[in-house]
Amino acid sequence: MANDLLKSKLISNDKIELLVNGNEYAEAAKLLLKLQLMRWELLSENYKNLNFVKVKSYDYGSFRINLQYNPARIKSTTAGSGKAVEHNGKCILCYENLPAEQKAIIILDSYLILCNPFPIFPAHFTIAKIKHRPQEIESSFNDLLLLSKFLHKHYTVVYNGPKCGASEPEHLHFQAGTKQFMPIENEFSSLQNEFGEIIFDNDNLTISAVDDGLRKFISFESCSDIALLNSFNQFYEIYKNIQKSNREPMMNIICNYEEESGWRVIVFLRCKHRSKHYFDDDVLLSPAVVDLGGVCVTPSEKDFNRIDSPLLKEILSEVSLYKEGFEYIITSMKDNISF
């Protein structure tokens, strides 16, 4: 019965099947979105609404942050805060609970590519584990690398930690969205040059630490998935020492892949999910991976109008890892990263 139900959620289309058989998952996802827009009213309406989303941009010298007013994102912004809309106890990413109109493509034999009905990106997907299990990156980092490689023609793959942005923290999922939509994808080299410090560098792997005054992140660049996996695992063990608990240390991840240069993984380091302004001043801005990538999203027009450059900087810097913790990670990685 379960297998029959899963099969019923898969898109039935000969062209998509041919693309999947040829590992052309980016093209298959693109076609999936096209077909879903024709057949799923909620998805179609929310994509139409993207044409009316308000955006303003703040210049911080070497980089910019865009602020987007997107009322459809209210559920994600308020998830886990007590302000969220309840889902009657059902996991919204388990295939048996998906809307009847929502269809999927299987990837890596264990994930579903789904069109996100509340988009931020011009093309926005959720990539959900078929089997219900908690959001967790340590054992799924290699999946992130593979997903980004399969989808790289059109899309960037991202991850939100269970305590800092995941809308459904009890169900493992990634997201994929239009490449170059987040400003940091184009600004990475300038950020690295102006604010970065090389932690490790050889012919196979470069690891950098960047603090631009708003965000703190560690980047990994390599053509080798083995080098990335090993170095990420070593970083993870060091980062766990700062946030001493049984829970995953707070992080958000952007993963890009290119045929010539391989992977670039940006890991944003966090100390809070939301800033004091969310609770004290009712500012509905809840930074997750896309926000840290340079597209901050608020579902409130009032907040869109009152958030200015200094307030945006204060919010992002407050939720980023504190200076001493960042310095500890840099020092520890210099002393311990080895191959």
# chains A, B, ... in the order shown; residues from 1 in each chain; ligands from 1
call {"tool": "closest_atom_pairs", "arguments": {"of": "range 46-141 of chain A", "to": "range 194-211 of chain A", "cutoff": "12 Å", "atoms": "only C-alpha atoms", "output": "CSV"}}
result
residue,atom,partner,partner_atom,distance
A:Gly61,CA,A:Glu194,CA,10.7
A:Ser62,CA,A:Glu194,CA,8.0
A:Phe63,CA,A:Glu194,CA,10.5
call {"tool": "select_by_dssp", "arguments": {"residues": "range 172-288 of chain A", "states": "alpha helix (DSSP H)", "output": "PyMOL selection string"}}
result
chain A and resi 183-195+225-240+276-280
call {"tool": "residues_around", "arguments": {"residues": "Leu214 in chain A", "least_positions_apart": "5", "cutoff": "6 Å", "atoms": "only C-alpha atoms", "output": "list in words"}}
result
Lys313, Leu316 and Ser317 of chain A
call {"tool": "write_last_selection", "arguments": {"atoms": "N, CA and C atoms", "output": "PDB file, in the first residue's frame"}}
result
ATOM      1  N   LYS A 313      21.578  44.949   9.403  1.00  0.00           N
ATOM      2  CA  LYS A 313      22.917  44.553   9.843  1.00  0.00           C
ATOM      3  C   LYS A 313      22.884  44.039  11.277  1.00  0.00           C
ATOM      4  N   LEU A 316      21.235  40.418  11.366  1.00  0.00           N
ATOM      5  CA  LEU A 316      22.077  39.347  10.828  1.00  0.00           C
ATOM      6  C   LEU A 316      23.313  39.109  11.699  1.00  0.00           C
ATOM      7  N   SER A 317      23.931  40.162  12.181  1.00  0.00           N
ATOM      8  CA  SER A 317      25.132  39.989  13.009  1.00  0.00           C
ATOM      9  C   SER A 317      24.785  39.374  14.354  1.00  0.00           C
TER      10      SER A 317
END
call {"tool": "closest_residue", "arguments": {"among": "A:Ile113, A:Leu98, A:Leu6, A:Leu285", "to": "Leu32 in chain A", "atoms": "only C-alpha atoms"}}
result
A:Ile113
call {"tool": "select_by_dssp", "arguments": {"residues": "range 123-314 of chain A", "states": "strand (DSSP E)", "output": "number ranges by chain"}}
result
A: 124-129, 155-160, 173-178, 196-201, 206-211, 216-222, 251-258, 262-269, 295-298
call {"tool": "closest_atom_pairs", "arguments": {"of": "range 304-331 of chain A", "to": "range 261-271 of chain A", "cutoff": "10 Å", "atoms": "only C-alpha atoms", "output": "Markdown table"}}
result
| residue | atom | partner | partner_atom | distance |
| --- | --- | --- | --- | --- |
| A:Leu316 | CA | A:Arg270 | CA | 9.7 |
| A:Ser317 | CA | A:Arg270 | CA | 9.4 |
| A:Glu318 | CA | A:Cys271 | CA | 8.0 |
| A:Val319 | CA | A:Cys271 | CA | 5.6 |
| A:Ser320 | CA | A:Arg270 | CA | 4.4 |
| A:Leu321 | CA | A:Arg270 | CA | 4.5 |
| A:Tyr322 | CA | A:Cys271 | CA | 7.0 |
| A:Gly325 | CA | A:Cys271 | CA | 9.3 |
| A:Phe326 | CA | A:Leu269 | CA | 8.1 |
call {"tool": "closest_residue", "arguments": {"among": "A:Lys103, A:Gly165, A:Glu314, A:Met333", "to": "Phe232 in chain A", "atoms": "only C-alpha atoms"}}
result
A:Met333
call {"tool": "closest_residue", "arguments": {"among": "A:Leu284, A:Ile315, A:Leu147, A:Ala128", "to": "Arg73 in chain A", "atoms": "only C-alpha atoms"}}
result
A:Leu284
call {"tool": "atom_distance", "arguments": {"atom1": "CA of Lys216 in chain A", "atom2": "CA of Ala123 in chain A"}}
result
27.1 Å
call {"tool": "residues_around", "arguments": {"residues": "Asp308 in chain A", "least_positions_apart": "3", "cutoff": "10 Å", "atoms": "only C-alpha atoms", "output": "list in words"}}
result
Lys56, Ser57, Tyr58, Leu67, Asp303, Phe304, Asn305, Leu311, Leu312 and Lys313 of chain A
call {"tool": "write_last_selection", "arguments": {"atoms": "N, CA and C atoms", "output": "compact mmCIF listing (two decimals), in the first residue's frame"}}
result
# COMPACT_ATOMS: atom_id res chain seq x y z
N LYS A 56 13.94 45.73 -2.00
CA LYS A 56 14.86 46.86 -1.91
C LYS A 56 16.23 46.32 -1.52
N SER A 57 17.26 47.03 -1.92
CA SER A 57 18.63 46.54 -1.78
C SER A 57 19.46 47.48 -0.93
N TYR A 58 20.29 46.91 -0.04
CA TYR A 58 21.18 47.69 0.80
C TYR A 58 22.62 47.35 0.45
N LEU A 67 16.24 42.94 0.48
CA LEU A 67 15.12 42.69 1.38
C LEU A 67 13.88 42.47 0.52
N ASP A 303 7.02 45.50 8.26
CA ASP A 303 8.43 45.27 8.54
C ASP A 303 9.30 45.60 7.33
N PHE A 304 8.80 45.32 6.14
CA PHE A 304 9.53 45.68 4.93
C PHE A 304 9.80 47.18 4.89
N ASN A 305 8.81 47.96 5.30
CA ASN A 305 8.94 49.42 5.27
C ASN A 305 9.84 49.95 6.38
N LEU A 311 19.36 48.32 10.85
CA LEU A 311 18.59 47.28 11.52
C LEU A 311 18.85 45.91 10.91
N LEU A 312 18.94 45.86 9.59
CA LEU A 312 19.22 44.60 8.91
C LEU A 312 20.59 44.06 9.33
N LYS A 313 21.58 44.95 9.40
CA LYS A 313 22.92 44.55 9.84
C LYS A 313 22.88 44.04 11.28
call {"tool": "residues_around", "arguments": {"residues": "Lys163 in chain A", "least_positions_apart": "4", "cutoff": "8 Å", "atoms": "only C-alpha atoms", "output": "ChimeraX atom specification"}}
result
/A:169,250,273
call {"tool": "residues_around", "arguments": {"residues": "Asp143 in chain A", "least_positions_apart": "4", "cutoff": "12 Å", "atoms": "only C-alpha atoms", "output": "number ranges by chain"}}
result
A: 107-111, 127-129, 136-139, 147-150, 157-159, 172-174, 225, 229, 255
call {"tool": "write_last_selection", "arguments": {"atoms": "N, CA and C atoms", "output": "JSON list (two decimals), in the first residue's frame"}}
result
[["chain", "number", "residue", "atom", "x", "y", "z"],
["A", 107, "ILE", "N", 15.04, 11.14, -6.74],
["A", 107, "ILE", "CA", 16.46, 11.36, -7.01],
["A", 107, "ILE", "C", 17.28, 10.67, -5.92],
["A", 108, "LEU", "N", 18.41, 10.14, -6.28],
["A", 108, "LEU", "CA", 19.29, 9.36, -5.39],
["A", 108, "LEU", "C", 18.56, 8.17, -4.76],
["A", 109, "ASP", "N", 17.46, 7.75, -5.37],
["A", 109, "ASP", "CA", 16.67, 6.60, -4.90],
["A", 109, "ASP", "C", 16.02, 6.81, -3.55],
["A", 110, "SER", "N", 16.23, 7.96, -2.90],
["A", 110, "SER", "CA", 15.72, 8.12, -1.55],
["A", 110, "SER", "C", 15.18, 9.52, -1.24],
["A", 111, "TYR", "N", 15.13, 10.38, -2.26],
["A", 111, "TYR", "CA", 14.60, 11.74, -2.07],
["A", 111, "TYR", "C", 13.55, 12.03, -3.13],
["A", 127, "ILE", "N", 13.60, 19.25, -1.61],
["A", 127, "ILE", "CA", 14.10, 17.89, -1.88],
["A", 127, "ILE", "C", 14.00, 17.12, -0.57],
["A", 128, "ALA", "N", 12.96, 16.34, -0.43],
["A", 128, "ALA", "CA", 12.62, 15.70, 0.84],
["A", 128, "ALA", "C", 12.98, 14.22, 0.84],
["A", 129, "LYS", "N", 13.55, 13.79, 1.94],
["A", 129, "LYS", "CA", 13.83, 12.37, 2.13],
["A", 129, "LYS", "C", 12.52, 11.59, 2.09],
["A", 136, "GLU", "N", 19.18, 16.65, 9.58],
["A", 136, "GLU", "CA", 20.51, 16.40, 10.16],
["A", 136, "GLU", "C", 21.52, 16.30, 9.03],
["A", 137, "ILE", "N", 22.61, 17.04, 9.13],
["A", 137, "ILE", "CA", 23.56, 17.15, 8.03],
["A", 137, "ILE", "C", 24.75, 16.21, 8.15],
["A", 138, "GLU", "N", 25.12, 15.79, 9.33],
["A", 138, "GLU", "CA", 26.36, 15.03, 9.50],
["A", 138, "GLU", "C", 26.37, 13.78, 8.62],
["A", 139, "SER", "N", 25.27, 13.03, 8.62],
["A", 139, "SER", "CA", 25.22, 11.80, 7.82],
["A", 139, "SER", "C", 24.65, 12.02, 6.42],
["A", 147, "LEU", "N", 23.43, 15.87, -4.76],
["A", 147, "LEU", "CA", 22.28, 16.61, -5.25],
["A", 147, "LEU", "C", 22.71, 17.87, -6.01],
["A", 148, "SER", "N", 23.70, 18.57, -5.45],
["A", 148, "SER", "CA", 24.16, 19.78, -6.11],
["A", 148, "SER", "C", 24.81, 19.47, -7.47],
["A", 149, "LYS", "N", 25.49, 18.33, -7.54],
["A", 149, "LYS", "CA", 26.10, 17.93, -8.81],
["A", 149, "LYS", "C", 25.04, 17.58, -9.85],
["A", 150, "PHE", "N", 24.02, 16.83, -9.44],
["A", 150, "PHE", "CA", 22.97, 16.44, -10.38],
["A", 150, "PHE", "C", 22.13, 17.62, -10.86],
["A", 157, "VAL", "N", 21.85, 24.19, -4.39],
["A", 157, "VAL", "CA", 21.20, 23.41, -3.34],
["A", 157, "VAL", "C", 21.59, 23.98, -1.98],
["A", 158, "VAL", "N", 20.60, 24.08, -1.08],
["A", 158, "VAL", "CA", 20.84, 24.69, 0.23],
["A", 158, "VAL", "C", 20.27, 23.82, 1.34],
["A", 159, "TYR", "N", 20.77, 24.08, 2.56],
["A", 159, "TYR", "CA", 20.36, 23.32, 3.75],
["A", 159, "TYR", "C", 20.16, 24.28, 4.91],
["A", 172, "LEU", "N", 14.04, 15.27, 7.17],
["A", 172, "LEU", "CA", 15.24, 15.67, 6.43],
["A", 172, "LEU", "C", 14.87, 16.18, 5.04],
["A", 173, "HIS", "N", 15.37, 17.38, 4.74],
["A", 173, "HIS", "CA", 15.11, 17.95, 3.42],
["A", 173, "HIS", "C", 16.16, 19.00, 3.08],
["A", 174, "PHE", "N", 16.36, 19.19, 1.80],
["A", 174, "PHE", "CA", 17.16, 20.28, 1.25],
["A", 174, "PHE", "C", 16.24, 21.13, 0.39],
["A", 225, "ASP", "N", 34.93, 14.98, -3.87],
["A", 225, "ASP", "CA", 33.90, 14.80, -2.85],
["A", 225, "ASP", "C", 34.47, 14.16, -1.58],
["A", 229, "LEU", "N", 34.11, 15.75, 2.08],
["A", 229, "LEU", "CA", 33.47, 14.98, 3.15],
["A", 229, "LEU", "C", 34.38, 14.87, 4.36],
["A", 255, "CYS", "N", 25.42, 25.15, -1.34],
["A", 255, "CYS", "CA", 26.32, 24.25, -2.08],
["A", 255, "CYS", "C", 26.15, 24.46, -3.58]]
call {"tool": "residues_around", "arguments": {"residues": "Leu33 in chain A", "least_positions_apart": "6", "cutoff": "9 Å", "atoms": "only C-alpha atoms", "output": "list in words"}}
result
Leu114, Cys115, Ala123, His124 and Phe125 of chain A
call {"tool": "write_last_selection", "arguments": {"atoms": "N, CA and C atoms", "output": "PDB file, in the first residue's frame"}}
result
ATOM      1  N   LEU A 114      10.328  18.136  -5.148  1.00  0.00           N
ATOM      2  CA  LEU A 114       8.979  18.683  -5.091  1.00  0.00           C
ATOM      3  C   LEU A 114       9.013  20.175  -5.405  1.00  0.00           C
ATOM      4  N   CYS A 115       8.042  20.675  -6.122  1.00  0.00           N
ATOM      5  CA  CYS A 115       7.932  22.117  -6.322  1.00  0.00           C
ATOM      6  C   CYS A 115       7.470  22.759  -5.015  1.00  0.00           C
ATOM      7  N   ALA A 123      12.668  29.767  -9.467  1.00  0.00           N
ATOM      8  CA  ALA A 123      12.310  28.351  -9.510  1.00  0.00           C
ATOM      9  C   ALA A 123      12.768  27.752  -8.177  1.00  0.00           C
ATOM     10  N   HIS A 124      11.851  27.181  -7.431  1.00  0.00           N
ATOM     11  CA  HIS A 124      12.131  26.808  -6.042  1.00  0.00           C
ATOM     12  C   HIS A 124      11.602  25.401  -5.772  1.00  0.00           C
ATOM     13  N   PHE A 125      12.491  24.530  -5.293  1.00  0.00           N
ATOM     14  CA  PHE A 125      12.143  23.137  -5.029  1.00  0.00           C
ATOM     15  C   PHE A 125      12.503  22.746  -3.597  1.00  0.00           C
TER      16      PHE A 125
END
call {"tool": "closest_residue", "arguments": {"among": "A:Leu93, A:Asp282, A:Asn116, A:Ile105", "to": "Lys7 in chain A", "atoms": "only C-alpha atoms"}}
result
A:Ile105
